[in-house]
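Okay, structure first, notes after.
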Amino acid sequence: MRAHLCGIRTAWTEAASPAAAAAEIARAVGVDAEAGLAQLVLFFSPDYDPETLLRALESELPGVAIAGCTTSGNISPEGGLDRGLVAIAFPTRGFRIVSTLLGGIDDLDVERTASTVRALRRSLNPRGEAAPERCFALSLIDGLANAEETVVSGIAWALDGIPLVGGSAGDDLTFRDAVVLHGGRIHRRAAALILVETDFPVQIFKSDNFEPTEKKFVVTASDGERRIVHELNAEPAAREYAMAVGLDPEGLSPMSFAAYPLAVKVGGEYFCRSIRRLNPDGSLSFFCAIDEGVVLTLAEPRDIVAATHAELTRLDQALGGIDLIIGFECVLRRLDAETRQVRQGIADLYRRFNVIGFETYGEQYRAMHLNQTFTGIAIGKRVP
C-alpha cells in the first residue's frame, strides 16, 4: 500500500484467490474514519472470477462504491504485475466523485449517452457547474465490444471541456471475455464513466514512442464494424504488411505488430492504429475502427524509455511535483519494451513517479480512441 499526499491510497496484491485478494486490498486501503472512502477503482487480472471478486470486496468494504475492469497486465507503484489486482481508493476529503454505466455500447445511442453524461456532470456539483480545470473523467470500456470510437465521441461531446482519459478492458490477449464492474454488478458490452472534481492540481497527458516513415498503405477492403482489414494497396493485408516490414506473413504475432506499428494522420498529428491479430484468411484485425480509403503509415519506434521520461518530467515540472499518476498503457507497448529488453527501464520510471493503472486494449484521450500510447491523469502534490 502507498498513502499519497493528496489522500489517495493505492494498493496491490498478487494473491491467487479472490477472497484473499479482497481481504488484502481492504486491509491496505482501510476506511479513514475522518476522511471516508468516496470511491474504489480497481483493475484486475482475468484469472479472478469477477463475480466472486466483487462479492468478496463488497463484504470487506460494505457500502463503498466500486468500479473497475479486467486487464492484460497491471501497473503498481512498485512495478508491473502480470496477474493480481491494483486498487485506487479516493477519499471524500479533496475529491467529489460521481459515476455511471453506459450499457449496450455496441449499439449505442449517442444522443442518449450525451444526455446521461450531462446529467452526471450536473450531479457532480449541485450548487453550480463544476470548473473543468478542477475536474477529470475516467473511462473504462469493454475492449472486445469494438465500440470505443462511438462511446468516446458521445462522452466527450457532453463533458464540455472536462478532460477525459481511460482504457479499454482486456483479457491477457485471449480476446474472449473482458468485463467492467459498476454498481455492484458485472457488465459486458458496457463502459463505466467516473467524473472527479478535486482540490488538487491535475493534468491529463498522452505519450507515444513512434515516428512515421515514408511507407504508406491504402485500405482497399475492410469491414469497419468488425475492425478487419482484408486488403492493403489492393493486396492481401497480412502479406502486404509483412513484405513492408521484412517478415514472413505466417509468422506475424503481437510482438511483430508492437515492433512495427501503423499510424493515421489526423489534424496534422499521427495516431497509432494497432493490429490486434492475424486471421486465418490473411486479413488483419485492429484495435481501432479502420474504414476503406484510410491511408495508414508505417511507423518506427523511438526510444520508449527516453520518450516516457521526457513526458513524465514535463508533467512533474508543470504540476510542481507529481503525487501519483493513474495510467493506461497499451499492452503492445509492454510487448515492444520486452522485445527491446527495456521493460525494467519503464518500470523504474513508473516507480519513480508513482504510476498505478493497467495495460489496455486501447486508450482514450479527450475525444479520441488511441492505440500504442500511454495516457493518464497526473495529480500534483500541492493544493492551489
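Going through the C-alpha cells in order, the chains are called A, B, and so on, while each chain numbers its residues from 1 and the ligands are numbered from 1 in the order shown.
Backbone DSSP over range 222-264 of chain A yields strand (DSSP E or B) at Ser222, Asp223, Ile228, Val229, His230, Glu231, Leu232, Glu235, Pro236, Leu262, Ala263 and Val264 of chain A.
The coordinates place CA of Ala378 in chain A at 6.1 Å from CA of Ile204 in chain A.
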Handout entry: Residue neighbourhood range 41-50 of chain A, 10 Å, only C-alpha atoms, exclusion window fewer than 5 positions, as a VMD selection string
Key = chain A and resid 10 to 19 21 25 55 to 56 65 to 75 81 to 90 140 169 to 172 174 177 to 182 185 to 187 194 356 to 359
Exercise for the section: as a PyMOL selection string, please: all residues of range 37-258 of chain A that backbone DSSP puts in helix (DSSP H, G or I). Expected result: chain A and resi 50-60+105-107+110-124+132-134+148-159+237-245+249-251+254-258
Exercise for the section: Could you give me, as a ChimeraX atom specification, the residues within 8 Å of range 344-348 of chain A, counting only C-alpha atoms and dropping anything in the same chain fewer than 5 positions from it? Expected result: /A:78-80,304-305,308,337
Problem - Shell of 9 Å around Asp109 in chain A, only C-alpha atoms, local chain residues under 4 positions omitted, as a ChimeraX atom specification - result: /A:105,113-114,150,154
Could you save the residues just selected, with N, CA and C atoms, as a tab-separated table (two decimals), in the first residue's frame?
```
chain	number	residue	atom	x	y	z
A	105	ILE	N	-23.09	-0.86	-25.46
A	105	ILE	CA	-22.30	0.12	-26.23
A	105	ILE	C	-22.06	-0.30	-27.67
A	113	THR	N	-26.64	8.98	-24.73
A	113	THR	CA	-25.39	8.95	-23.96
A	113	THR	C	-25.00	10.35	-23.53
A	114	ALA	N	-25.08	11.29	-24.46
A	114	ALA	CA	-24.73	12.68	-24.14
A	114	ALA	C	-25.64	13.23	-23.05
A	150	THR	N	-17.35	5.33	-30.84
A	150	THR	CA	-18.69	5.89	-30.61
A	150	THR	C	-18.87	6.32	-29.17
A	154	GLY	N	-19.46	10.28	-27.88
A	154	GLY	CA	-20.64	10.69	-27.13
A	154	GLY	C	-20.30	11.29	-25.78
```
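Nearest residue to Ser283 in chain A among A:Ala242, A:Leu124, A:Leu324, A:Cys330 is A:Ala242, counting only C-alpha atoms.
With distances restricted to only C-alpha atoms, A:Gln203 is the closest residue to Ile326 in chain A from A:Thr373, A:Thr100, A:Ser274, A:Gln203.
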Handout entry: Test item: residues at most 9 Å from Asp160 in chain A, only C-alpha atoms, excluding those fewer than 3 positions along its chain, as a PyMOL selection string
Key = chain A and resi 118+132+156-157+163
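The residue that comes closest to Ser168 in chain A, out of A:Met1, A:Ala38, A:Val331, A:Met255 and on the basis of only C-alpha atoms, is A:Val331.
Between Gly143 in chain A and the candidates A:Gly380, A:Pro280, A:Gly166, A:Gly94, the tightest atom-to-atom separation, counting only C-alpha atoms, involves A:Gly166.
Excluding Pro261 in chain A itself and any same-chain residue fewer than 5 positions from it, the protein and nucleic acid residues within 9 Å of it, counting only C-alpha atoms, are Phe210, Ser256, Cys272, Arg273, Ser274, Ile275, Thr297, Leu298, Ala299, Glu300, Pro301 and Gln372 of chain A.
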